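Undergrad: Could you have a look at this structure, given as structure tokens, before my questions?
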Amino acid sequence: MPRNKFFGHTVLLTDTFSLSVIKGLKKQSSGLKSVNLVDPEFKKMYDVFTNDQVEARYLIDPIMIERLKVLVDRHSSDGISVAYYQDKVLILLPSNKNFFEPANLYTNSFDQQSILRMKKELDGVFSLIDYLELYSAEEVHKEKVMPPS
């Protein structure tokens with residue numbers, strides 16, 4: 001992220017019944033307060049909790065809201081959960097698929113189909129990072145300028 005460290009703890013949880021108990025427990029035990037964001041459609045999809053209201057609005061700005069909506073539509077999922085804490089961003093994308101696992105125990109580890117499938121799965125993760133722009137422009141520039149070690 002462009003910011004090296006977050007000052008608060010911000011969590012976006014999908015607005016589904018299955019998470020309502022978890023949300024209640026997290027809200028009570030962590031001191032996180034609800035954030036009221038402007039977008040009514042987004043508010044129907046997500047509950048946002050934070051202990052730093054200003055930072056939450058910075059992190060979940062209208063551009064990020066639109067990107068998350070597109071991702072939910074693109075992946076036909078129940079939603080994406082996101083947590084910002086210290087210097088980390090955790091993104092949970094529900095799926096009924098087991099990612100990054102070999103086809104089965106008896107498949108050769110050099111099997112071209114398995115390698116290509118894993119590459120496609122990794123490409124999907126990297127495209128998610130690129131799409132959400134979870135890095136700073138300076139870091140990208142540093143990576144291009146610095147020779148590999």
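All residue names refer to the structure tokens as shown: chains lettered A, B, ... in order, residues numbered from 1 in each chain, ligands numbered from 1 in order.
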With only C-alpha atoms as the counted atoms, please give the residues lying no more than 12 Å from Thr50 (chain A), apart from itself and same-chain residues fewer than 2 positions off, as a ChimeraX atom specification.
TA: /A:6-13,23,26-28,30-37,47-48,52-60,82-85
Undergrad: Dump C-alpha atoms for the selected residues as a PDB file, in the first residue's frame?
TA:
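Listed below is the output, result_3.pdb:
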ATOM      1  CA  PHE A   6      -1.812   1.773   9.237  1.00  0.00           C
ATOM      2  CA  PHE A   7      -2.550   3.684  12.402  1.00  0.00           C
ATOM      3  CA  GLY A   8      -5.844   1.967  13.016  1.00  0.00           C
ATOM      4  CA  HIS A   9      -7.513  -1.347  12.384  1.00  0.00           C
ATOM      5  CA  THR A  10     -10.184  -1.374   9.668  1.00  0.00           C
ATOM      6  CA  VAL A  11     -12.290  -4.359   8.623  1.00  0.00           C
ATOM      7  CA  LEU A  12     -14.799  -4.799   5.779  1.00  0.00           C
ATOM      8  CA  LEU A  13     -17.120  -7.745   6.271  1.00  0.00           C
ATOM      9  CA  LYS A  23     -19.269  -9.295  13.392  1.00  0.00           C
ATOM     10  CA  LYS A  26     -15.437  -8.668  16.744  1.00  0.00           C
ATOM     11  CA  LYS A  27     -17.167  -5.369  17.350  1.00  0.00           C
ATOM     12  CA  GLN A  28     -17.603  -6.019  21.081  1.00  0.00           C
ATOM     13  CA  SER A  30     -11.956  -5.217  19.604  1.00  0.00           C
ATOM     14  CA  GLY A  31     -13.343  -1.733  20.177  1.00  0.00           C
ATOM     15  CA  LEU A  32     -14.084  -1.293  16.480  1.00  0.00           C
ATOM     16  CA  LYS A  33     -16.895   1.113  15.639  1.00  0.00           C
ATOM     17  CA  SER A  34     -19.104   1.091  12.576  1.00  0.00           C
ATOM     18  CA  VAL A  35     -18.125   3.392   9.711  1.00  0.00           C
ATOM     19  CA  ASN A  36     -20.861   5.112   7.749  1.00  0.00           C
ATOM     20  CA  LEU A  37     -19.739   5.355   4.128  1.00  0.00           C
ATOM     21  CA  ASP A  47     -20.310  -3.579   7.140  1.00  0.00           C
ATOM     22  CA  VAL A  48     -17.166  -1.579   7.843  1.00  0.00           C
ATOM     23  CA  ASP A  52      -9.783   5.153  13.184  1.00  0.00           C
ATOM     24  CA  GLN A  53     -12.674   6.758  11.280  1.00  0.00           C
ATOM     25  CA  VAL A  54     -10.455   9.151   9.285  1.00  0.00           C
ATOM     26  CA  GLU A  55      -8.095   6.420   8.101  1.00  0.00           C
ATOM     27  CA  ALA A  56     -11.015   4.130   7.210  1.00  0.00           C
ATOM     28  CA  ARG A  57     -12.458   6.791   4.914  1.00  0.00           C
ATOM     29  CA  TYR A  58      -8.989   7.256   3.354  1.00  0.00           C
ATOM     30  CA  LEU A  59      -8.580   3.507   2.743  1.00  0.00           C
ATOM     31  CA  ILE A  60     -12.126   2.891   1.557  1.00  0.00           C
ATOM     32  CA  VAL A  82     -10.758  -7.021   3.727  1.00  0.00           C
ATOM     33  CA  ALA A  83      -8.752  -6.152   6.846  1.00  0.00           C
ATOM     34  CA  TYR A  84      -6.153  -3.381   7.197  1.00  0.00           C
ATOM     35  CA  TYR A  85      -3.907  -3.685  10.234  1.00  0.00           C
TER      36      TYR A  85
END
Undergrad: Which is closest to Arg74 (chain A) among A:Leu93, A:Glu121, A:Asn51, A:Lys88, if we use only C-alpha atoms?
TA: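 Of all the options, A:Leu93 lies closest to Arg74 (chain A).
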Undergrad: Could you tell me how far CA of Leu122 (chain A) lies from CA of Tyr106 (chain A), in Å and to one decimal?
TA: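 Between these atoms lies a distance of 22.5 Å.
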Undergrad: Given the choices A:Lys119, A:Asn96, A:Val70, A:Gln112, which gets closest to Tyr131 (chain A) if the distance is worked out from only C-alpha atoms?
TA: A:Val70
Undergrad: Please extract the residues of region 45-121 of chain A with a backbone DSSP assignment of alpha helix (DSSP H) and present them as an NGL selection string.
TA: :A and (45 or 53-59 or 62-75 or 112-121)
Undergrad: Based on the selection just made, write N, CA and C atoms of those residues as a CSV table (one decimal), in the first residue's frame.
TA:
chain,number,residue,atom,x,y,z
A,45,MET,N,-23.9,-4.1,0.9
A,45,MET,CA,-23.0,-5.3,0.7
A,45,MET,C,-22.1,-5.5,1.9
A,53,GLN,N,-11.7,6.4,12.3
A,53,GLN,CA,-12.7,6.8,11.3
A,53,GLN,C,-12.0,7.5,10.1
A,54,VAL,N,-11.1,8.4,10.4
A,54,VAL,CA,-10.5,9.2,9.3
A,54,VAL,C,-9.7,8.2,8.3
A,55,GLU,N,-8.9,7.3,8.9
A,55,GLU,CA,-8.1,6.4,8.1
A,55,GLU,C,-9.0,5.5,7.3
A,56,ALA,N,-10.1,5.0,7.9
A,56,ALA,CA,-11.0,4.1,7.2
A,56,ALA,C,-11.6,4.8,6.0
A,57,ARG,N,-11.9,6.1,6.1
A,57,ARG,CA,-12.5,6.8,4.9
A,57,ARG,C,-11.4,7.0,3.9
A,58,TYR,N,-10.1,7.1,4.3
A,58,TYR,CA,-9.0,7.3,3.4
A,58,TYR,C,-8.8,5.9,2.6
A,59,LEU,N,-8.8,4.8,3.3
A,59,LEU,CA,-8.6,3.5,2.7
A,59,LEU,C,-9.7,3.1,1.9
A,62,PRO,N,-14.1,6.3,-2.6
A,62,PRO,CA,-15.0,5.9,-3.7
A,62,PRO,C,-14.4,5.1,-4.7
A,63,ILE,N,-13.1,5.3,-5.0
A,63,ILE,CA,-12.4,4.5,-6.0
A,63,ILE,C,-12.3,3.0,-5.6
A,64,MET,N,-11.9,2.8,-4.3
A,64,MET,CA,-11.8,1.5,-3.8
A,64,MET,C,-13.2,0.8,-3.7
A,65,ILE,N,-14.2,1.5,-3.3
A,65,ILE,CA,-15.5,1.0,-3.3
A,65,ILE,C,-15.9,0.5,-4.6
A,66,GLU,N,-15.7,1.2,-5.7
A,66,GLU,CA,-16.0,0.8,-7.1
A,66,GLU,C,-15.2,-0.4,-7.4
A,67,ARG,N,-14.0,-0.5,-7.1
A,67,ARG,CA,-13.1,-1.6,-7.4
A,67,ARG,C,-13.7,-2.9,-6.7
A,68,LEU,N,-14.0,-2.8,-5.5
A,68,LEU,CA,-14.5,-3.9,-4.7
A,68,LEU,C,-15.9,-4.4,-5.3
A,69,LYS,N,-16.7,-3.5,-5.7
A,69,LYS,CA,-18.0,-3.9,-6.4
A,69,LYS,C,-17.8,-4.7,-7.6
A,70,VAL,N,-16.8,-4.2,-8.5
A,70,VAL,CA,-16.5,-4.9,-9.7
A,70,VAL,C,-16.0,-6.3,-9.4
A,71,LEU,N,-15.1,-6.4,-8.4
A,71,LEU,CA,-14.5,-7.7,-8.1
A,71,LEU,C,-15.6,-8.7,-7.7
A,72,VAL,N,-16.5,-8.2,-6.9
A,72,VAL,CA,-17.6,-9.1,-6.4
A,72,VAL,C,-18.4,-9.6,-7.6
A,73,ASP,N,-18.7,-8.6,-8.5
A,73,ASP,CA,-19.5,-9.0,-9.8
A,73,ASP,C,-18.6,-10.0,-10.6
A,74,ARG,N,-17.4,-9.7,-10.8
A,74,ARG,CA,-16.5,-10.5,-11.6
A,74,ARG,C,-16.3,-11.9,-11.1
A,75,HIS,N,-16.2,-12.1,-9.8
A,75,HIS,CA,-16.0,-13.4,-9.2
A,75,HIS,C,-17.3,-14.1,-8.8
A,112,GLN,N,2.8,-30.7,-17.0
A,112,GLN,CA,2.6,-29.4,-17.6
A,112,GLN,C,1.2,-28.8,-17.3
A,113,GLN,N,0.2,-29.6,-17.3
A,113,GLN,CA,-1.2,-29.1,-17.0
A,113,GLN,C,-1.3,-28.6,-15.5
A,114,SER,N,-0.7,-29.3,-14.6
A,114,SER,CA,-0.7,-28.9,-13.2
A,114,SER,C,0.1,-27.6,-13.0
A,115,ILE,N,1.3,-27.5,-13.7
A,115,ILE,CA,2.1,-26.3,-13.6
A,115,ILE,C,1.4,-25.1,-14.2
A,116,LEU,N,0.7,-25.3,-15.3
A,116,LEU,CA,0.0,-24.2,-16.0
A,116,LEU,C,-1.2,-23.8,-15.1
A,117,ARG,N,-1.9,-24.7,-14.5
A,117,ARG,CA,-3.0,-24.4,-13.6
A,117,ARG,C,-2.6,-23.6,-12.4
A,118,MET,N,-1.4,-24.0,-11.8
A,118,MET,CA,-0.9,-23.2,-10.7
A,118,MET,C,-0.5,-21.8,-11.1
A,119,LYS,N,0.1,-21.7,-12.3
A,119,LYS,CA,0.6,-20.4,-12.8
A,119,LYS,C,-0.7,-19.5,-13.0
A,120,LYS,N,-1.7,-20.1,-13.5
A,120,LYS,CA,-3.0,-19.3,-13.7
A,120,LYS,C,-3.5,-18.8,-12.4
A,121,GLU,N,-3.5,-19.7,-11.4
A,121,GLU,CA,-4.0,-19.3,-10.1
A,121,GLU,C,-3.1,-18.1,-9.5
